[in-house]
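Source file: coords32.cif (mmCIF, C-alpha atoms and all ligand atoms)
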```cif
data_protein
loop_
_atom_site.label_atom_id
_atom_site.label_comp_id
_atom_site.auth_asym_id
_atom_site.auth_seq_id
_atom_site.Cartn_x
_atom_site.Cartn_y
_atom_site.Cartn_z
CA MET V 1 18.23 14.40 11.89
CA LYS V 2 15.81 13.67 14.75
CA HIS V 3 16.76 11.04 17.32
CA PHE V 4 15.39 7.55 16.62
CA ASP V 5 14.99 5.27 19.62
CA VAL V 6 13.07 2.07 18.88
CA ASN V 7 12.43 1.40 22.59
CA GLU V 8 10.80 4.81 22.98
CA ILE V 9 8.74 4.22 19.81
CA ARG V 10 7.54 0.85 21.09
CA LYS V 11 6.05 2.56 24.14
CA ASP V 12 3.67 4.44 21.82
CA PHE V 13 2.06 1.20 20.52
CA PRO V 14 -0.13 -0.44 23.17
CA ALA V 15 -0.85 -3.61 21.16
CA LEU V 16 2.84 -4.53 21.14
CA HIS V 17 2.85 -5.02 24.91
CA GLN V 18 0.77 -8.17 25.21
CA LYS V 19 1.41 -11.86 25.44
CA VAL V 20 0.26 -14.28 22.76
CA ASN V 21 0.27 -17.97 23.63
CA GLY V 22 2.06 -17.04 26.84
CA GLN V 23 4.92 -15.32 24.97
CA PRO V 24 5.59 -11.63 24.42
CA LEU V 25 4.07 -10.74 21.05
CA ILE V 26 6.46 -10.34 18.13
CA TYR V 27 4.49 -8.68 15.39
CA PHE V 28 5.98 -9.36 11.96
CA ASP V 29 2.80 -8.96 9.88
CA ASN V 30 3.15 -5.28 9.13
CA ALA V 31 2.64 -5.65 5.38
CA ALA V 32 -0.87 -6.94 6.15
CA THR V 33 -1.53 -4.12 8.60
CA THR V 34 0.51 -2.10 11.09
CA GLN V 35 -0.25 -1.61 14.78
CA LYS V 36 -1.51 1.84 15.80
CA PRO V 37 0.18 4.36 18.08
CA GLN V 38 -1.82 5.69 21.04
CA VAL V 39 -2.19 9.10 19.34
CA VAL V 40 -4.18 7.48 16.53
CA ILE V 41 -6.38 5.57 18.98
CA ASP V 42 -6.90 8.82 20.94
CA ALA V 43 -7.83 10.70 17.77
CA LEU V 44 -10.64 8.20 17.14
CA THR V 45 -11.91 8.37 20.72
CA ASN V 46 -11.73 12.17 20.70
CA TYR V 47 -13.63 12.38 17.45
CA TYR V 48 -16.47 10.18 18.67
CA SER V 49 -16.50 11.88 22.07
CA THR V 50 -16.69 15.41 20.69
CA ILE V 51 -17.20 16.44 17.06
CA ASN V 52 -18.88 13.31 15.65
CA SER V 53 -21.03 14.65 12.83
CA ASN V 54 -21.53 14.25 9.11
CA VAL V 55 -19.28 16.31 6.85
CA HIS V 56 -20.12 18.84 4.13
CA ARG V 57 -23.78 18.58 5.11
CA GLY V 58 -24.56 21.00 7.89
CA VAL V 59 -24.09 24.59 8.96
CA HIS V 60 -24.15 23.53 12.58
CA HIS V 61 -21.04 23.73 14.73
CA LEU V 62 -20.21 20.02 14.98
CA SER V 63 -20.59 19.48 11.26
CA GLN V 64 -18.27 22.38 10.55
CA MET V 65 -15.69 21.10 13.02
CA ALA V 66 -15.81 17.61 11.51
CA THR V 67 -15.65 19.03 7.97
CA ASN V 68 -12.62 21.16 8.88
CA ALA V 69 -10.80 18.23 10.45
CA PHE V 70 -11.64 16.03 7.45
CA GLU V 71 -10.50 18.61 4.89
CA ASN V 72 -7.38 19.46 6.92
CA THR V 73 -6.44 15.78 6.58
CA ARG V 74 -6.79 15.99 2.82
CA GLU V 75 -4.44 18.98 2.80
CA HIS V 76 -2.04 17.14 5.11
CA ILE V 77 -1.97 14.19 2.69
CA ARG V 78 -1.32 16.59 -0.21
CA LYS V 79 1.68 18.02 1.61
CA TYR V 80 2.88 14.58 2.68
CA ILE V 81 3.16 13.36 -0.93
CA ASN V 82 3.83 16.82 -2.40
CA ALA V 83 0.86 16.82 -4.78
CA ALA V 84 0.34 20.09 -6.64
CA HIS V 85 -3.33 20.50 -5.63
CA THR V 86 -5.51 19.42 -2.71
CA HIS V 87 -8.28 18.46 -5.14
CA GLU V 88 -5.96 15.81 -6.60
CA ILE V 89 -6.37 13.84 -3.35
CA ILE V 90 -9.37 11.50 -3.45
CA ILE V 91 -10.36 9.74 -0.25
CA THR V 92 -11.37 6.12 -0.76
CA LYS V 93 -11.86 2.97 1.33
CA GLY V 94 -8.38 1.62 0.69
CA ALA V 95 -5.72 1.06 -1.96
CA THR V 96 -7.86 -1.67 -3.57
CA ASP V 97 -10.80 0.71 -3.82
CA SER V 98 -8.50 3.33 -5.38
CA ILE V 99 -7.32 0.91 -8.07
CA ASN V 100 -10.91 -0.15 -8.79
CA LEU V 101 -11.82 3.51 -9.16
CA VAL V 102 -9.10 4.17 -11.74
CA ALA V 103 -9.58 0.89 -13.63
CA ASN V 104 -13.32 1.50 -13.92
CA SER V 105 -13.37 5.24 -14.50
CA PHE V 106 -10.27 5.52 -16.70
CA GLY V 107 -11.39 2.32 -18.41
CA LYS V 108 -14.86 3.70 -19.12
CA GLY V 109 -13.44 6.98 -20.40
CA PHE V 110 -10.36 5.91 -22.33
CA ILE V 111 -10.09 2.15 -22.96
CA LYS V 112 -11.77 0.72 -26.03
CA LYS V 113 -11.80 -2.51 -28.04
CA GLY V 114 -8.33 -3.54 -29.22
CA ASP V 115 -6.48 -1.38 -26.66
CA GLU V 116 -3.90 -2.75 -24.23
CA VAL V 117 -3.19 -2.31 -20.52
CA ILE V 118 0.20 -3.19 -19.00
CA ILE V 119 0.64 -4.57 -15.48
CA SER V 120 3.39 -6.81 -14.07
CA ALA V 121 3.57 -10.39 -12.85
CA TYR V 122 4.55 -9.34 -9.30
CA GLU V 123 1.26 -7.49 -8.64
CA HIS V 124 -1.09 -8.03 -5.72
CA HIS V 125 -4.43 -9.41 -6.96
CA ALA V 126 -5.91 -5.95 -6.37
CA ASN V 127 -3.76 -4.58 -9.18
CA ILE V 128 -4.60 -7.47 -11.52
CA VAL V 129 -8.29 -8.27 -11.30
CA PRO V 130 -9.79 -4.75 -11.76
CA TRP V 131 -7.73 -4.38 -14.97
CA GLN V 132 -8.58 -7.88 -16.10
CA MET V 133 -12.29 -7.13 -15.70
CA ILE V 134 -12.26 -3.80 -17.49
CA CYS V 135 -10.22 -5.34 -20.32
CA GLU V 136 -12.78 -8.13 -20.65
CA GLU V 137 -15.62 -5.64 -20.64
CA LYS V 138 -14.02 -3.43 -23.28
CA GLY V 139 -12.45 -6.12 -25.47
CA ALA V 140 -8.97 -4.87 -24.55
CA THR V 141 -5.90 -7.01 -23.79
CA LEU V 142 -4.00 -7.24 -20.52
CA LYS V 143 -0.22 -7.43 -21.06
CA VAL V 144 1.99 -8.66 -18.24
CA ILE V 145 5.65 -7.74 -17.69
CA PRO V 146 7.33 -10.87 -16.33
CA PHE V 147 9.66 -10.60 -13.35
CA GLN V 148 13.04 -12.19 -13.02
CA GLU V 149 14.29 -14.67 -10.41
CA ASN V 150 15.42 -11.73 -8.23
CA GLY V 151 11.87 -10.34 -8.14
CA THR V 152 12.35 -7.29 -10.34
CA ILE V 153 11.18 -6.62 -13.88
CA SER V 154 13.52 -6.17 -16.81
CA ILE V 155 13.19 -2.77 -18.44
CA GLU V 156 13.79 -4.38 -21.83
CA ASP V 157 10.83 -6.76 -21.30
CA TYR V 158 8.71 -3.78 -20.30
CA LYS V 159 9.72 -1.71 -23.33
CA SER V 160 8.90 -4.59 -25.64
CA LEU V 161 5.26 -4.56 -24.47
CA ILE V 162 4.63 -0.87 -25.15
CA ASN V 163 3.03 0.05 -28.43
CA LYS V 164 0.43 2.39 -29.91
CA LYS V 165 -2.42 0.37 -28.37
CA THR V 166 -1.13 0.78 -24.78
CA LYS V 167 -3.56 2.97 -22.84
CA ILE V 168 -2.22 2.78 -19.27
CA VAL V 169 0.49 1.07 -17.19
CA SER V 170 -0.30 0.05 -13.61
CA VAL V 171 2.44 -1.42 -11.41
CA GLY V 172 3.29 -1.78 -7.74
CA HIS V 173 5.97 0.32 -6.06
CA VAL V 174 7.10 -2.53 -3.78
CA SER V 175 5.94 -6.11 -4.29
CA ASN V 176 3.82 -7.13 -1.29
CA SER V 177 4.87 -10.76 -1.52
CA LEU V 178 8.62 -10.31 -2.11
CA GLY V 179 9.41 -6.83 -0.78
CA VAL V 180 11.35 -5.94 -3.93
CA VAL V 181 11.43 -2.21 -4.69
CA GLN V 182 10.68 -1.79 -8.38
CA PRO V 183 12.24 0.76 -10.78
CA ILE V 184 9.07 2.87 -10.89
CA LYS V 185 10.78 6.12 -11.86
CA LYS V 186 12.21 4.46 -14.96
CA ILE V 187 8.86 2.76 -15.70
CA ILE V 188 7.09 6.13 -15.56
CA GLU V 189 9.75 7.89 -17.66
CA ILE V 190 9.50 5.29 -20.44
CA ALA V 191 5.68 5.34 -20.50
CA HIS V 192 5.70 9.13 -20.69
CA GLN V 193 7.96 9.04 -23.75
CA HIS V 194 4.90 7.44 -25.40
CA ASN V 195 2.33 9.71 -23.64
CA ILE V 196 1.01 6.76 -21.63
CA PRO V 197 -0.16 7.45 -18.05
CA VAL V 198 1.13 5.34 -15.16
CA MET V 199 -0.64 4.26 -12.00
CA ILE V 200 1.50 3.19 -9.04
CA ASP V 201 0.09 0.88 -6.36
CA GLY V 202 2.00 2.31 -3.42
CA ALA V 203 0.38 0.24 -0.67
CA GLN V 204 3.74 -1.26 0.35
CA GLY V 205 5.90 1.59 -0.92
CA ILE V 206 4.99 4.80 0.87
CA VAL V 207 5.23 3.00 4.22
CA HIS V 208 8.97 2.60 3.85
CA GLU V 209 10.15 5.69 1.98
CA THR V 210 9.27 9.28 1.19
CA VAL V 211 7.07 9.64 -1.88
CA ASP V 212 7.01 12.87 -3.86
CA VAL V 213 4.42 12.43 -6.60
CA GLN V 214 5.60 15.47 -8.56
CA GLU V 215 9.18 14.30 -8.52
CA LEU V 216 8.12 10.76 -9.52
CA ASP V 217 5.79 12.30 -12.10
CA CYS V 218 3.34 9.37 -11.70
CA ASP V 219 -0.18 10.02 -12.98
CA PHE V 220 -1.88 8.08 -10.17
CA TYR V 221 -0.52 6.81 -6.85
CA CYS V 222 -2.60 4.97 -4.27
CA PHE V 223 -2.12 3.68 -0.73
CA SER V 224 -3.92 2.67 2.46
CA SER V 225 -3.94 4.33 5.87
CA HIS V 226 -3.89 1.05 7.80
CA LYS V 227 -0.46 0.08 6.47
CA MET V 228 0.88 3.46 7.64
CA TYR V 229 0.02 3.14 11.35
CA GLY V 230 -3.39 4.70 10.70
CA PRO V 231 -6.94 3.27 10.94
CA MET V 232 -8.45 0.73 8.58
CA GLY V 233 -11.02 1.64 5.95
CA VAL V 234 -9.26 4.70 4.53
CA GLY V 235 -7.41 4.82 1.25
CA ILE V 236 -5.95 7.56 -0.85
CA LEU V 237 -5.92 8.05 -4.57
CA TYR V 238 -3.65 10.75 -5.90
CA GLY V 239 -4.38 11.56 -9.53
CA LYS V 240 -3.18 14.29 -11.82
CA GLU V 241 -5.88 16.88 -12.32
CA LYS V 242 -5.67 16.58 -16.12
CA TYR V 243 -6.77 12.92 -15.94
CA LEU V 244 -9.22 13.16 -13.03
CA ASN V 245 -11.04 16.02 -14.75
CA GLU V 246 -11.58 13.98 -17.90
CA MET V 247 -12.52 10.72 -16.17
CA PRO V 248 -16.23 9.96 -15.64
CA PRO V 249 -17.56 9.36 -12.09
CA TYR V 250 -17.03 5.86 -10.70
CA GLN V 251 -19.76 5.36 -8.11
CA THR V 252 -22.70 7.72 -7.71
CA GLY V 253 -24.71 9.33 -4.92
CA GLY V 254 -23.90 11.75 -2.10
CA GLU V 255 -20.99 14.14 -2.32
CA MET V 256 -20.28 13.56 -6.01
CA ILE V 257 -23.54 15.22 -7.08
CA LYS V 258 -24.08 18.89 -7.89
CA THR V 259 -27.68 18.92 -9.10
CA VAL V 260 -30.30 16.23 -9.68
CA THR V 261 -33.48 16.30 -11.68
CA PHE V 262 -35.17 13.25 -13.17
CA GLU V 263 -34.00 14.44 -16.56
CA LYS V 264 -30.35 15.11 -15.75
CA THR V 265 -27.75 14.98 -12.99
CA THR V 266 -24.67 17.19 -12.89
CA PHE V 267 -21.55 16.22 -11.02
CA ASN V 268 -19.49 17.96 -8.39
CA GLU V 269 -15.96 19.32 -8.86
CA LEU V 270 -12.82 17.44 -7.89
CA PRO V 271 -12.14 15.83 -5.50
CA TYR V 272 -15.83 15.28 -4.60
CA LYS V 273 -16.71 13.97 -8.05
CA PHE V 274 -15.13 10.69 -6.92
CA GLU V 275 -16.41 10.59 -3.32
CA THR V 276 -19.80 9.02 -2.65
CA GLY V 277 -21.89 8.55 0.47
CA THR V 278 -20.85 9.41 4.00
CA PRO V 279 -17.08 9.06 4.23
CA ASN V 280 -15.18 7.32 7.00
CA VAL V 281 -14.71 10.61 8.86
CA ALA V 282 -13.29 9.33 12.16
CA ASP V 283 -10.73 7.11 10.48
CA VAL V 284 -9.69 9.82 8.04
CA ILE V 285 -9.04 12.11 11.02
CA GLY V 286 -7.20 9.20 12.68
CA PHE V 287 -5.00 9.00 9.59
CA ASP V 288 -4.12 12.66 10.06
CA ALA V 289 -2.76 11.73 13.50
CA ALA V 290 -0.80 8.82 11.98
CA LEU V 291 0.86 11.10 9.42
CA THR V 292 1.77 13.59 12.15
CA TYR V 293 3.22 10.71 14.16
CA ILE V 294 5.34 9.48 11.21
CA GLU V 295 6.53 13.04 10.54
CA GLY V 296 7.51 13.35 14.20
CA ILE V 297 9.76 10.28 13.88
CA GLY V 298 10.98 11.26 10.39
CA MET V 299 10.74 9.01 7.30
CA ASP V 300 14.52 9.20 6.76
CA ASN V 301 15.01 7.77 10.26
CA ILE V 302 12.42 5.06 9.65
CA LYS V 303 13.98 4.14 6.31
CA SER V 304 17.51 3.79 7.63
CA PHE V 305 16.37 1.89 10.74
CA GLU V 306 14.29 -0.53 8.66
CA SER V 307 17.07 -1.03 6.08
CA GLU V 308 19.47 -2.04 8.83
CA LEU V 309 16.88 -4.37 10.35
CA MET V 310 16.16 -5.95 6.95
CA ALA V 311 19.86 -6.52 6.26
CA TYR V 312 20.25 -8.08 9.71
CA ALA V 313 17.19 -10.32 9.24
CA ILE V 314 18.26 -11.48 5.77
CA GLU V 315 21.72 -12.38 7.06
CA LYS V 316 20.34 -14.24 10.10
CA LEU V 317 17.69 -16.11 8.11
CA ASN V 318 20.22 -17.07 5.47
CA SER V 319 22.32 -18.66 8.20
CA ILE V 320 19.60 -21.31 8.71
CA ASP V 321 20.32 -24.40 6.67
CA GLY V 322 17.59 -25.18 4.15
CA ILE V 323 16.03 -21.70 4.06
CA ARG V 324 15.17 -20.10 0.74
CA ILE V 325 14.41 -16.40 0.50
CA TYR V 326 12.41 -15.39 -2.58
CA GLY V 327 13.23 -12.20 -4.46
CA ASP V 328 16.92 -12.10 -3.61
CA ASN V 329 17.59 -8.46 -4.34
CA LYS V 330 19.45 -5.57 -2.75
CA HIS V 331 16.52 -3.22 -3.36
CA LYS V 332 14.13 -4.54 -0.75
CA ALA V 333 11.83 -2.83 1.73
CA GLY V 334 10.04 -4.22 4.73
CA VAL V 335 9.23 -7.73 3.52
CA ILE V 336 11.09 -11.07 3.53
CA SER V 337 9.34 -14.07 1.98
CA PHE V 338 10.82 -17.50 2.56
CA ASN V 339 10.36 -21.24 3.01
CA ILE V 340 12.33 -23.75 5.02
CA GLU V 341 13.11 -26.98 3.25
CA ASP V 342 9.83 -28.49 2.08
CA ILE V 343 7.88 -27.64 5.24
CA HIS V 344 4.47 -26.29 4.30
CA PRO V 345 4.25 -22.59 5.20
CA TYR V 346 0.93 -23.13 7.06
CA ASP V 347 2.52 -25.81 9.25
CA ALA V 348 5.55 -23.65 9.99
CA GLY V 349 3.37 -20.55 10.59
CA THR V 350 1.11 -22.41 13.01
CA ILE V 351 4.08 -23.56 15.12
CA ILE V 352 5.67 -20.12 15.00
CA ASP V 353 2.44 -18.59 16.31
CA LYS V 354 2.89 -20.77 19.43
CA PHE V 355 6.04 -18.73 20.10
CA GLY V 356 3.98 -15.53 19.99
CA ILE V 357 5.33 -14.57 16.58
CA ALA V 358 2.88 -13.25 13.97
CA LEU V 359 3.90 -13.97 10.36
CA ARG V 360 1.72 -14.20 7.28
CA THR V 361 1.55 -17.50 5.44
CA GLY V 362 0.12 -18.36 2.04
CA ASN V 363 0.18 -16.72 -1.38
CA HIS V 364 -0.18 -13.16 -0.01
CA CYS V 365 -2.85 -12.34 -2.61
CA ALA V 366 -0.18 -12.70 -5.29
CA GLN V 367 -0.84 -16.13 -6.74
CA PRO V 368 1.03 -15.48 -10.01
CA VAL V 369 4.19 -14.75 -7.97
CA MET V 370 3.89 -18.13 -6.25
CA ASP V 371 3.22 -19.78 -9.61
CA SER V 372 6.42 -18.25 -11.03
CA TYR V 373 8.46 -19.88 -8.27
CA GLN V 374 6.31 -23.03 -8.54
CA ILE V 375 5.39 -22.96 -4.87
CA GLN V 376 2.06 -22.86 -3.04
CA GLY V 377 3.05 -20.10 -0.70
CA THR V 378 5.65 -18.69 1.63
CA LEU V 379 6.17 -17.50 5.16
CA ARG V 380 6.34 -13.73 5.14
CA ALA V 381 7.99 -11.62 7.82
CA SER V 382 7.25 -7.93 7.36
CA PHE V 383 8.71 -5.15 9.47
CA GLY V 384 7.60 -1.86 10.88
CA MET V 385 9.41 0.96 12.65
CA TYR V 386 8.97 -0.76 16.04
CA ASN V 387 10.57 -4.14 15.30
CA THR V 388 13.96 -5.05 16.75
CA LYS V 389 16.98 -7.25 16.07
CA GLU V 390 16.17 -9.18 19.27
CA GLU V 391 12.80 -10.07 17.75
CA VAL V 392 14.55 -11.28 14.60
CA ASP V 393 16.80 -13.48 16.77
CA LYS V 394 13.68 -14.99 18.39
CA LEU V 395 12.22 -15.73 14.95
CA VAL V 396 15.43 -17.48 13.93
CA GLU V 397 15.32 -19.59 17.14
CA ALA V 398 11.69 -20.50 16.44
CA LEU V 399 12.46 -21.47 12.83
CA ILE V 400 15.28 -23.73 13.96
CA LYS V 401 12.82 -25.45 16.34
CA VAL V 402 10.32 -25.85 13.48
CA LYS V 403 13.05 -27.49 11.40
CA VAL V 404 13.87 -29.90 14.20
CA MET V 405 10.17 -30.76 14.70
CA PHE V 406 9.62 -31.53 11.02
CA GLY V 407 13.13 -32.90 10.41
N1 LIG V 501 -2.35 -6.82 0.94
C1 LIG V 501 -2.03 -7.12 2.28
C2 LIG V 501 -0.82 -8.03 2.39
O1 LIG V 501 0.02 -8.02 1.55
C3 LIG V 501 -3.16 -7.56 3.08
O2 LIG V 501 -0.76 -8.76 3.37
#
```

Show me the file's structure as structure tokens.
Amino acid sequence: MKHFDVNEIRKDFPALHQKVNGQPLIYFDNAATTQKPQVVIDALTNYYSTINSNVHRGVHHLSQMATNAFENTREHIRKYINAAHTHEIIITKGATDSINLVANSFGKGFIKKGDEVIISAYEHHANIVPWQMICEEKGATLKVIPFQENGTISIEDYKSLINKKTKIVSVGHVSNSLGVVQPIKKIIEIAHQHNIPVMIDGAQGIVHETVDVQELDCDFYCFSSHKMYGPMGVGILYGKEKYLNEMPPYQTGGEMIKTVTFEKTTFNELPYKFETGTPNVADVIGFDAALTYIEGIGMDNIKSFESELMAYAIEKLNSIDGIRIYGDNKHKAGVISFNIEDIHPYDAGTIIDKFGIALRTGNHCAQPVMDSYQIQGTLRASFGMYNTKEEVDKLVEALIKVKVMFG
């Protein structure tokens, strides 16, 4: 195993070394977006200073260099998630864009009146609304697996929703609002016993553990670069070739076209069939640098470091009188959602910001989760590979001060 030294890692992230409100920044909003290592920032500068050019569109030197770097990233992503084919990797704008692509394209191709789609009650809005809309359009029904007090679904509840009308299941790997790791392998296995494909929203999953899409046997898996220490505006959709080939194009124009006449247009092969317009070349290449950076640290190292940090943070937070952590579960990754007494999360978050600590407050784009607990929102601390136990101690000190102020 490679050596993991959080203090060395912190040196690679320039944004961590600043003061906010006169205090050293403590960045605990990693589930919203992670900070970027210098190698990623350098990759962007290098791209714009040297090979900036459009891809797949020119025989000239710069265009070929940019195209090679762009396509090398696609291959890197394939290897990173162990997909069988490079053309199963579609580059999108983000995880939300990826889910919209599948909901619309799969929906257009395979969902009809009377069919059913299964999601869960712990989903981010991005894995609810696209399905809701396609169901409305097609006259299909959206079925929702409830989650239990501890933030996970019951397999029995899930099984009871599956029937002959079920066309697809789409669930999150890790809940963004609770941090609970869901039993996705089991969910996939059960759906496959009925020949139903499964889409996994991995936006909060792949950041904290190794994902092998062939081993999981998921039919679709999506995620965002910016939650993996890479640039914003880049998402990935992995899809099994057998589905992607049968699905109609989502958006049109640009790379997805093979031939156009006014009578008929033919479409490009995978993966380009699903890629339109000029892609976000610089940021895709920046994502390549982020993946290389993560590989250099080692996901096993990151996972065990973050697990220890999470356990420490849960224990420390639980020692504060009046705190309630939502989604009390031993299978958690990267996220702790909580409230203190009846202090409004916005009030607490605003005071905590004065201590230089960045948390997210609100419903975390998961309103049904908040509704289940009958709360308006929570404070959410989310961790990355560069956070420390000392930072957790500072958060606990700040929360005690908040309690005193509102007490
Ligand atoms: N979906 C992101 C979050 O959970 C933005 O904060």

Within 6 Å of ligand LIG 501 (chain V) (only C-alpha atoms and all ligand atoms), residues as a PyMOL selection string: chain V and resi 31-32+176+364

Of the listed residues V:Lys186, V:Lys143, V:Lys113, V:His226, that which approaches Ala203 of chain V most closely, counting only C-alpha atoms: V:His226

Please build the interface table for segment 215-284 of chain V against segment 77-86 of chain V with a cut-off of 12 Å, listing for each qualifying residue the nearest atom pair and the distance in Å to one decimal; count all atoms listed in the file, order rows by chain and increasing number, and write it as a Markdown table.
```
| residue | atom | partner | partner_atom | distance |
| --- | --- | --- | --- | --- |
| V:Glu215 | CA | V:Asn82 | CA | 8.5 |
| V:Leu216 | CA | V:Ile81 | CA | 10.3 |
| V:Asp217 | CA | V:Ala83 | CA | 9.9 |
| V:Cys218 | CA | V:Ala83 | CA | 10.5 |
| V:Asp219 | CA | V:Ala83 | CA | 10.7 |
| V:Phe220 | CA | V:Ala83 | CA | 10.6 |
| V:Tyr221 | CA | V:Ile81 | CA | 9.6 |
| V:Cys222 | CA | V:Ile81 | CA | 10.7 |
| V:Phe223 | CA | V:Ile81 | CA | 11.0 |
| V:Ser224 | CA | V:Ile77 | CA | 11.7 |
| V:Ser225 | CA | V:Ile77 | CA | 10.5 |
| V:Gly235 | CA | V:Ile77 | CA | 10.9 |
| V:Ile236 | CA | V:Ile77 | CA | 8.5 |
| V:Leu237 | CA | V:Ile77 | CA | 10.3 |
| V:Tyr238 | CA | V:Ala83 | CA | 7.6 |
| V:Gly239 | CA | V:Ala83 | CA | 8.8 |
| V:Lys240 | CA | V:Ala83 | CA | 8.5 |
| V:Glu241 | CA | V:His85 | CA | 8.0 |
| V:Lys242 | CA | V:His85 | CA | 11.4 |
| V:Leu244 | CA | V:His85 | CA | 12.0 |
| V:Leu270 | CA | V:Thr86 | CA | 9.2 |
| V:Pro271 | CA | V:Thr86 | CA | 8.0 |
| V:Tyr272 | CA | V:Thr86 | CA | 11.3 |
| V:Val284 | CA | V:Ile77 | CA | 10.4 |
```

Among listed residues V:His87, V:His124, V:Lys303, V:Lys112, nearest Glu209 of chain V (using only C-alpha atoms):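 Checking each of V:His87, V:His124, V:Lys303, V:Lys112 against Glu209 of chain V, counting only C-alpha atoms, the winner is V:Lys303.
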
Selection: 10 Å around Lys316 of chain V, only C-alpha atoms, excl. self and same-chain fewer than 2 positions, as a PyMOL selection string: chain V and resi 310-314+318-320+389+392-393+395-396

Which residue of V:Ile118, V:Thr96, V:Met299, V:Ile351 approaches Ser160 of chain V most closely, using all atoms listed in the file: V:Ile118

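Taking all atoms listed in the file into account, Ile297 of chain V lies nearest to V:Met385 out of the set V:Met385, V:Pro248, V:Val169, V:Asp212.
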
Closest of V:Val281, V:Met370, V:Val207, V:Met405 to Tyr48 of chain V - atom-to-atom distances counting all atoms listed in the file: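 Among the listed residues, V:Val281 lies closest to Tyr48 of chain V.
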
Pairwise distance for atom CA of Glu149 of chain V and atom CA of Lys332 of chain V, rounded to one decimal in Å: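 Atom CA of Lys332 of chain V lies 14.0 Å from atom CA of Glu149 of chain V.
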
Atomic distance atom CA of Thr166 of chain V - atom CA of Ile119 of chain V, expressed in Å with one decimal: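 Taking atom CA of Thr166 of chain V as the start and atom CA of Ile119 of chain V as the end point, the length is 10.9 Å.
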
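In terms of minimum interatomic distance to Met199 of chain V, V:Gly172 ranks closest within V:Gly172, V:Gly58, V:Gly286, V:Pro183, counting only C-alpha atoms.
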
Atomic separation - atom CA of Lys264 of chain V relative to atom CA of His56 of chain V, Å: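 Computed distance, atom CA of His56 of chain V to atom CA of Lys264 of chain V, equals 22.7 Å.
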
Residue contacts of Gly151 of chain V (12 Å, only C-alpha atoms) excluding same-chain residues fewer than 6 positions away, as a list in words: Ser120, Ala121, Tyr122, Glu123, Ile145, Val174, Ser175, Asn176, Ser177, Leu178, Gly179, Val180, Val181, Gln182, Pro183, Ile325, Tyr326, Gly327, Asp328, Asn329, Lys330, His331, Lys332, Ile336, Ser337, Val369, Met370, Ser372 and Tyr373 of chain V

Residue list as number ranges by chain for point (6.7, 10.2, 12.9), cut-off 12 Å, all atoms listed in the file: V: 2-6, 9, 12, 37, 39-40, 80, 207, 228-230, 288-303, 385-386
